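Colleague: See work-v8.cif below, with mmCIF, C-alpha atoms.
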```cif
data_start
loop_
_atom_site.group_PDB
_atom_site.id
_atom_site.type_symbol
_atom_site.label_atom_id
_atom_site.label_comp_id
_atom_site.auth_asym_id
_atom_site.auth_seq_id
_atom_site.Cartn_x
_atom_site.Cartn_y
_atom_site.Cartn_z
ATOM 1 C CA MET A 1 0.000 0.000 0.000
ATOM 2 C CA ARG A 2 1.599 3.234 -1.169
ATOM 3 C CA LEU A 3 -0.844 5.669 0.442
ATOM 4 C CA MET A 4 0.739 8.908 1.632
ATOM 5 C CA LEU A 5 -1.162 11.915 2.999
ATOM 6 C CA ALA A 6 0.553 15.152 3.968
ATOM 7 C CA ASP A 7 -0.060 18.628 5.326
ATOM 8 C CA GLY A 8 3.173 20.582 5.675
ATOM 9 C CA GLU A 9 5.483 18.787 8.091
ATOM 10 C CA VAL A 10 2.805 16.204 9.019
ATOM 11 C CA VAL A 11 2.963 13.058 6.872
ATOM 12 C CA LEU A 12 0.833 9.928 7.147
ATOM 13 C CA ARG A 13 2.156 6.759 5.542
ATOM 14 C CA PRO A 14 1.825 3.009 6.061
ATOM 15 C CA LEU A 15 3.844 1.511 8.891
ATOM 16 C CA ALA A 16 6.975 -0.254 7.633
ATOM 17 C CA ASN A 17 9.254 -2.868 9.160
ATOM 18 C CA SER A 18 11.923 -0.145 9.245
ATOM 19 C CA ASP A 19 9.776 1.735 11.819
ATOM 20 C CA ALA A 20 10.340 -0.985 14.438
ATOM 21 C CA ALA A 21 13.041 0.788 16.475
ATOM 22 C CA ALA A 22 11.337 4.209 16.400
ATOM 23 C CA TRP A 23 7.932 2.670 17.232
ATOM 24 C CA ALA A 24 9.403 0.720 20.168
ATOM 25 C CA ASP A 25 11.255 3.811 21.430
ATOM 26 C CA VAL A 26 8.122 6.002 21.368
ATOM 27 C CA ARG A 27 6.033 3.296 23.041
ATOM 28 C CA ARG A 28 8.690 2.706 25.741
ATOM 29 C CA ARG A 29 9.188 6.397 26.544
ATOM 30 C CA ASN A 30 5.429 6.986 26.624
ATOM 31 C CA ALA A 31 4.300 3.875 28.503
ATOM 32 C CA ASP A 32 2.699 5.855 31.364
ATOM 33 C CA TRP A 33 1.055 8.252 28.882
ATOM 34 C CA LEU A 34 -0.349 5.553 26.547
ATOM 35 C CA THR A 35 -1.079 2.469 28.686
ATOM 36 C CA PRO A 36 -4.345 3.795 30.223
ATOM 37 C CA TRP A 37 -5.811 4.059 26.691
ATOM 38 C CA ASP A 38 -4.285 0.976 25.014
ATOM 39 C CA ALA A 39 -6.543 -1.760 23.694
ATOM 40 C CA THR A 40 -5.895 -5.137 25.323
ATOM 41 C CA ASN A 41 -7.144 -8.648 24.695
ATOM 42 C CA PRO A 42 -9.668 -9.963 27.228
ATOM 43 C CA PRO A 43 -8.530 -13.016 29.205
ATOM 44 C CA GLU A 44 -10.672 -15.378 27.134
ATOM 45 C CA SER A 45 -8.977 -14.231 23.905
ATOM 46 C CA ILE A 46 -6.727 -16.684 22.101
ATOM 47 C CA ASP A 47 -4.894 -13.908 20.227
ATOM 48 C CA VAL A 48 -1.186 -13.642 20.909
ATOM 49 C CA ALA A 49 0.555 -10.266 20.852
ATOM 50 C CA PRO A 50 2.418 -10.173 17.529
ATOM 51 C CA THR A 51 5.964 -9.067 16.921
ATOM 52 C CA PHE A 52 6.310 -5.678 15.239
ATOM 53 C CA ARG A 53 6.876 -7.414 11.876
ATOM 54 C CA GLY A 54 3.808 -9.567 12.527
ATOM 55 C CA MET A 55 1.759 -6.470 13.339
ATOM 56 C CA VAL A 56 2.885 -4.754 10.116
ATOM 57 C CA ARG A 57 2.067 -7.906 8.102
ATOM 58 C CA ARG A 58 -1.422 -8.075 9.694
ATOM 59 C CA LEU A 59 -2.052 -4.362 9.073
ATOM 60 C CA ARG A 60 -1.056 -4.733 5.413
ATOM 61 C CA ALA A 61 -3.438 -7.678 5.012
ATOM 62 C CA GLU A 62 -6.273 -5.695 6.622
ATOM 63 C CA ALA A 63 -5.583 -2.757 4.285
ATOM 64 C CA LYS A 64 -5.494 -5.004 1.238
ATOM 65 C CA ALA A 65 -8.847 -6.513 2.279
ATOM 66 C CA GLY A 66 -10.345 -3.005 2.628
ATOM 67 C CA ARG A 67 -11.101 -3.393 6.347
ATOM 68 C CA SER A 68 -8.576 -1.054 7.954
ATOM 69 C CA ILE A 69 -5.867 1.515 7.186
ATOM 70 C CA ALA A 70 -3.169 2.049 9.830
ATOM 71 C CA LEU A 71 -0.735 4.885 9.182
ATOM 72 C CA ALA A 72 2.402 6.150 10.865
ATOM 73 C CA ILE A 73 2.333 9.809 11.851
ATOM 74 C CA VAL A 74 5.633 11.425 10.883
ATOM 75 C CA VAL A 75 6.489 15.016 11.825
ATOM 76 C CA ASN A 76 9.561 16.581 10.238
ATOM 77 C CA GLY A 77 10.757 13.089 9.311
ATOM 78 C CA ARG A 78 10.365 11.679 12.829
ATOM 79 C CA PHE A 79 7.945 8.869 13.729
ATOM 80 C CA VAL A 80 5.626 10.231 16.471
ATOM 81 C CA GLY A 81 2.490 8.079 16.498
ATOM 82 C CA GLN A 82 -0.185 6.219 14.631
ATOM 83 C CA VAL A 83 -3.674 6.860 13.279
ATOM 84 C CA THR A 84 -6.027 4.116 12.109
ATOM 85 C CA LEU A 85 -9.196 4.002 10.070
ATOM 86 C CA GLY A 86 -10.693 0.721 11.240
ATOM 87 C CA GLY A 87 -13.869 -1.289 11.049
ATOM 88 C CA ILE A 88 -14.432 -0.110 7.491
ATOM 89 C CA THR A 89 -17.879 -1.224 6.402
ATOM 90 C CA TRP A 90 -19.098 -0.868 2.844
ATOM 91 C CA GLY A 91 -22.568 -1.339 1.348
ATOM 92 C CA SER A 92 -25.432 0.691 2.744
ATOM 93 C CA LEU A 93 -23.501 1.669 5.926
ATOM 94 C CA ARG A 94 -20.219 2.990 4.438
ATOM 95 C CA SER A 95 -18.687 3.836 7.797
ATOM 96 C CA ALA A 96 -15.539 3.397 9.885
ATOM 97 C CA TYR A 97 -13.975 4.475 13.150
ATOM 98 C CA VAL A 98 -10.743 6.351 13.794
ATOM 99 C CA GLY A 99 -8.268 5.542 16.550
ATOM 100 C CA TYR A 100 -5.003 7.317 17.301
ATOM 101 C CA TRP A 101 -2.050 7.786 19.653
ATOM 102 C CA ILE A 102 0.906 10.165 19.744
ATOM 103 C CA ASP A 103 4.188 10.718 21.551
ATOM 104 C CA GLN A 104 3.459 12.953 24.560
ATOM 105 C CA ALA A 105 6.257 15.315 23.465
ATOM 106 C CA TYR A 106 4.184 16.094 20.349
ATOM 107 C CA ALA A 107 0.755 16.231 22.017
ATOM 108 C CA GLY A 108 -1.095 19.525 22.282
ATOM 109 C CA ARG A 109 0.744 21.034 19.310
ATOM 110 C CA GLY A 110 -1.973 20.520 16.697
ATOM 111 C CA TYR A 111 -0.407 17.495 15.009
ATOM 112 C CA MET A 112 -3.078 14.985 15.966
ATOM 113 C CA PRO A 113 -6.062 17.069 14.804
ATOM 114 C CA ARG A 114 -4.272 17.526 11.464
ATOM 115 C CA ALA A 115 -3.501 13.797 11.199
ATOM 116 C CA VAL A 116 -7.095 12.816 12.009
ATOM 117 C CA ALA A 117 -8.392 15.452 9.567
ATOM 118 C CA LEU A 118 -6.140 14.147 6.775
ATOM 119 C CA LEU A 119 -7.318 10.583 7.301
ATOM 120 C CA CYS A 120 -10.992 11.539 7.611
ATOM 121 C CA ASP A 121 -10.847 13.626 4.433
ATOM 122 C CA TYR A 122 -9.309 10.646 2.632
ATOM 123 C CA ALA A 123 -12.071 8.405 4.022
ATOM 124 C CA PHE A 124 -14.845 10.813 3.058
ATOM 125 C CA PHE A 125 -13.670 12.105 -0.308
ATOM 126 C CA THR A 126 -11.514 9.293 -1.734
ATOM 127 C CA LEU A 127 -13.004 6.146 -0.197
ATOM 128 C CA ARG A 128 -16.453 7.776 -0.259
ATOM 129 C CA LEU A 129 -17.390 6.705 3.257
ATOM 130 C CA HIS A 130 -20.471 8.363 4.726
ATOM 131 C CA ARG A 131 -19.859 8.280 8.493
ATOM 132 C CA ILE A 132 -16.834 8.210 10.787
ATOM 133 C CA GLU A 133 -16.905 7.773 14.532
ATOM 134 C CA ILE A 134 -14.350 8.148 17.288
ATOM 135 C CA ASN A 135 -14.835 6.379 20.624
ATOM 136 C CA ILE A 136 -12.986 7.820 23.626
ATOM 137 C CA ARG A 137 -12.726 6.921 27.284
ATOM 138 C CA PRO A 138 -14.425 9.711 29.297
ATOM 139 C CA GLU A 139 -11.204 10.287 31.278
ATOM 140 C CA ASN A 140 -9.039 10.843 28.165
ATOM 141 C CA ALA A 141 -8.922 14.652 28.128
ATOM 142 C CA ALA A 142 -6.285 14.854 25.371
ATOM 143 C CA SER A 143 -8.365 12.765 22.940
ATOM 144 C CA LEU A 144 -11.518 14.659 23.833
ATOM 145 C CA ARG A 145 -9.752 17.898 22.825
ATOM 146 C CA VAL A 146 -9.033 16.410 19.384
ATOM 147 C CA VAL A 147 -12.704 15.644 18.627
ATOM 148 C CA GLU A 148 -13.762 19.030 20.014
ATOM 149 C CA LYS A 149 -11.255 20.852 17.763
ATOM 150 C CA LEU A 150 -12.493 18.894 14.761
ATOM 151 C CA GLY A 151 -16.166 19.474 15.543
ATOM 152 C CA PHE A 152 -17.213 15.836 15.917
ATOM 153 C CA ARG A 153 -20.770 15.524 17.199
ATOM 154 C CA TYR A 154 -21.331 13.820 20.579
ATOM 155 C CA GLU A 155 -23.652 10.830 20.239
ATOM 156 C CA GLY A 156 -23.661 9.198 23.655
ATOM 157 C CA LEU A 157 -22.119 6.766 26.110
ATOM 158 C CA ARG A 158 -21.323 3.159 25.230
ATOM 159 C CA ARG A 159 -21.065 1.158 28.436
ATOM 160 C CA ARG A 160 -18.188 -1.337 28.709
ATOM 161 C CA TYR A 161 -17.585 -0.862 24.977
ATOM 162 C CA LEU A 162 -13.926 -1.822 24.471
ATOM 163 C CA HIS A 163 -11.335 -3.852 26.345
ATOM 164 C CA ILE A 164 -8.799 -1.193 27.313
ATOM 165 C CA ASN A 165 -5.941 -1.474 29.799
ATOM 166 C CA HIS A 166 -7.120 -4.917 30.956
ATOM 167 C CA ASP A 167 -10.842 -4.270 31.525
ATOM 168 C CA TRP A 168 -14.038 -3.458 29.640
ATOM 169 C CA ARG A 169 -14.299 0.349 29.618
ATOM 170 C CA ASP A 170 -17.040 2.881 28.940
ATOM 171 C CA HIS A 171 -16.526 5.106 25.903
ATOM 172 C CA LEU A 172 -18.048 8.336 24.648
ATOM 173 C CA THR A 173 -19.008 8.189 20.973
ATOM 174 C CA TYR A 174 -18.462 11.106 18.597
ATOM 175 C CA ALA A 175 -19.290 11.046 14.894
ATOM 176 C CA LEU A 176 -19.416 13.021 11.676
ATOM 177 C CA CYS A 177 -21.168 12.390 8.386
ATOM 178 C CA VAL A 178 -19.714 13.672 5.142
ATOM 179 C CA GLU A 179 -22.595 16.159 4.728
ATOM 180 C CA GLU A 180 -21.444 17.899 7.925
ATOM 181 C CA VAL A 181 -18.029 18.773 6.475
ATOM 182 C CA PRO A 182 -18.529 19.673 2.804
ATOM 183 C CA GLY A 183 -15.187 21.497 2.678
ATOM 184 C CA GLY A 184 -13.357 18.764 4.562
ATOM 185 C CA LEU A 185 -11.909 18.551 8.066
ATOM 186 C CA LEU A 186 -8.441 19.776 7.123
ATOM 187 C CA ALA A 187 -9.963 23.033 5.882
ATOM 188 C CA ARG A 188 -11.739 23.341 9.242
ATOM 189 C CA VAL A 189 -8.448 22.826 11.109
ATOM 190 C CA ARG A 190 -6.655 25.390 8.931
ATOM 191 C CA GLN A 191 -9.439 27.920 9.465
ATOM 192 C CA GLN A 192 -9.177 27.509 13.254
ATOM 193 C CA SER A 193 -5.418 28.011 13.200
ATOM 194 C CA SER A 194 -5.405 31.014 10.870
ATOM 195 C CA PRO A 195 -5.021 34.452 12.486
ATOM 196 C CA LEU A 196 -8.455 35.437 11.162
ATOM 197 C CA GLY A 197 -10.136 32.080 12.100
#
```
What would you get if you wrote out this structure as C-alpha cells?
Modeller:
Amino acid sequence: MRLMLADGEVVLRPLANSDAAAWADVRRRNADWLTPWDATNPPESIDVAPTFRGMVRRLRAEAKAGRSIALAIVVNGRFVGQVTLGGITWGSLRSAYVGYWIDQAYAGRGYMPRAVALLCDYAFFTLRLHRIEINIRPENAASLRVVEKLGFRYEGLRRRYLHINHDWRDHLTYALCVEEVPGGLLARVRQQSSPLG
C-alpha cells in the first residue's frame, strides 16, 4: 500500500518494518502516557501479541482486504504516532472508526487534529465513506480535545464498549457524516489556526 497523505510537516504513511526501532522507542518512553488508553485482549482471547513485523504484516493484510488503514504519523521526518481508520464497512452503511495515539512530546501542538483530519478527508472524499466515529474513554482529556477541535458531534455513552488497559471500559461516541463537512476537516483545522479564524 503506497498511500501517503501530507499537510506541511505532518505526513501519514503506512507503517513499515523499518519503523520498528522508532515505534518501540516512542512506546517505551510513553508507557505511562499511553497504557491507560491501550486496547488489550480480554482473558478469554486466544490472540497472541504479535511481533512488530507480525503487526505490520497483519495491518497490510487488513488494508489489502479493505477493512482497515493504519498509518504512521511522521512530523519533520520523525515517527511520532499512529492513526487508524478501522472497522471499514461498505454497502449501505459505508462507515468506519478512527483511533489514534501520539508521543506525549508532540501532544497539544496541533499534530493529531491535522492527522485525524487528513485521514478523515481521505475516508470521506476518496473512499467515499459516509460516516466516521471516534470512541474515547471519558477520562481521556487529550483525545476529547481532538474531537472538540475537529467538531465531531457527541452521540452518547457506550457502556463497557472496548477492552482497554485490561478491563471493559465505557466510551463516549463522537461522529461526523460527510454532509457535515462539505469542505473537509483539514480546511476546518486550517481555518481555526489562521489568524483570522
Colleague: As a check of understanding, name the residues that the PyMOL selection byres ((chain A and resi 159) around 7) selects in the supplied structure, as a list of chain:residue names.
Modeller: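 Written out, the selection comes to A:Leu157, A:Arg158, A:Arg160, A:Tyr161, A:Arg169, A:Asp170, A:His171.
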Colleague: Using only C-alpha atoms, I'd like a table of the residues in region 155-193 of chain A that come within 12 Å of region 3-18 of chain A; for each, show the closest atom pair and its distance in Å rounded to one decimal, ordered by chain and ascending number, as CSV.
Modeller:
```
residue,atom,partner,partner_atom,distance
A:Leu186,CA,A:Asp7,CA,8.6
A:Ala187,CA,A:Asp7,CA,10.9
A:Val189,CA,A:Asp7,CA,11.0
A:Arg190,CA,A:Asp7,CA,10.1
```
Colleague: My list of candidates is A:Ala63, A:Leu129, A:Ile134, A:Leu144. Which is closest to Glu179 (chain A) when distances are computed with all atoms listed in the file?
Modeller: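 Selected residue with least distance to Glu179 (chain A): A:Leu129.
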Colleague: Nearest residue to Thr35 (chain A) out of A:Ile164, A:Leu71, A:Leu118, A:Val147, using all atoms listed in the file?
Modeller: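 Closest candidate: A:Ile164.
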Colleague: The PyMOL selection byres ((chain A and resi 27) around 12) on the file shown: which residues, as a VMD selection string?
Modeller: chain A and resid 19 to 26 28 to 35 38 52 79 to 82 101 to 104
Colleague: Do you have the CA of His130 (chain A)-CA of Met112 (chain A) distance handy?
Modeller: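 Taking CA of His130 (chain A) and CA of Met112 (chain A), their separation equals 21.7 Å.
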Colleague: Enter the distance from CA of Tyr106 (chain A) to CA of Thr51 (chain A), in Å, rounded to one decimal.
Modeller: 25.5 Å
Colleague: Give as a PDB file with C-alpha atoms, in the frame of the given file each residue that has an atom at most 12 Å from (-7.3, -1.6, 0.9) in the file, counting all atoms listed in the file.
Modeller:
```
ATOM      1  CA  MET A   1       0.000   0.000   0.000  1.00  0.00           C
ATOM      2  CA  ARG A   2       1.599   3.234  -1.169  1.00  0.00           C
ATOM      3  CA  LEU A   3      -0.844   5.669   0.442  1.00  0.00           C
ATOM      4  CA  PRO A  14       1.825   3.009   6.061  1.00  0.00           C
ATOM      5  CA  LEU A  59      -2.052  -4.362   9.073  1.00  0.00           C
ATOM      6  CA  ARG A  60      -1.056  -4.733   5.413  1.00  0.00           C
ATOM      7  CA  ALA A  61      -3.438  -7.678   5.012  1.00  0.00           C
ATOM      8  CA  GLU A  62      -6.273  -5.695   6.622  1.00  0.00           C
ATOM      9  CA  ALA A  63      -5.583  -2.757   4.285  1.00  0.00           C
ATOM     10  CA  LYS A  64      -5.494  -5.004   1.238  1.00  0.00           C
ATOM     11  CA  ALA A  65      -8.847  -6.513   2.279  1.00  0.00           C
ATOM     12  CA  GLY A  66     -10.345  -3.005   2.628  1.00  0.00           C
ATOM     13  CA  ARG A  67     -11.101  -3.393   6.347  1.00  0.00           C
ATOM     14  CA  SER A  68      -8.576  -1.054   7.954  1.00  0.00           C
ATOM     15  CA  ILE A  69      -5.867   1.515   7.186  1.00  0.00           C
ATOM     16  CA  ALA A  70      -3.169   2.049   9.830  1.00  0.00           C
ATOM     17  CA  LEU A  85      -9.196   4.002  10.070  1.00  0.00           C
ATOM     18  CA  GLY A  86     -10.693   0.721  11.240  1.00  0.00           C
ATOM     19  CA  ILE A  88     -14.432  -0.110   7.491  1.00  0.00           C
ATOM     20  CA  THR A  89     -17.879  -1.224   6.402  1.00  0.00           C
ATOM     21  CA  TRP A  90     -19.098  -0.868   2.844  1.00  0.00           C
ATOM     22  CA  ALA A 123     -12.071   8.405   4.022  1.00  0.00           C
ATOM     23  CA  THR A 126     -11.514   9.293  -1.734  1.00  0.00           C
ATOM     24  CA  LEU A 127     -13.004   6.146  -0.197  1.00  0.00           C
TER      25      LEU A 127
END
```
Colleague: Go through A:Asn165, A:Gln192, A:Thr84, A:Ser92 and flag the residue nearest Arg128 (chain A), using all atoms listed in the file for the distances.
Modeller: A:Ser92
Colleague: Using all atoms listed in the file, which of A:Trp168, A:Tyr154, A:Glu133, A:Gly99 sits nearest Ala115 (chain A)?
Modeller: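 With all atoms listed in the file as the atom set, the closest residue is A:Gly99.
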Colleague: From the set A:Arg188, A:Phe152, A:Asp167, A:Thr173, which residue has the shortest atom-to-atom contact distance to Asn41 (chain A), counting only C-alpha atoms?
Modeller: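 The answer is A:Asp167, which sits nearest to Asn41 (chain A).
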Colleague: Using Å and a single decimal, report how far CA of Cys177 (chain A) sits from CA of Ala96 (chain A).
Modeller: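 Those two atoms sit 10.7 Å apart.
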Colleague: Using only C-alpha atoms, which residue out of A:Tyr100, A:Leu185, A:Phe124, A:His163 lies closest to Ala72 (chain A)?
Modeller: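 Answer, going by the shortest atom-to-atom distance: A:Tyr100.
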Colleague: Run the PyMOL selection byres ((chain A and resi 153) around 7) on the file and write out the hits as a PyMOL selection string.
Modeller: chain A and resi 151-152+154-155+174-176
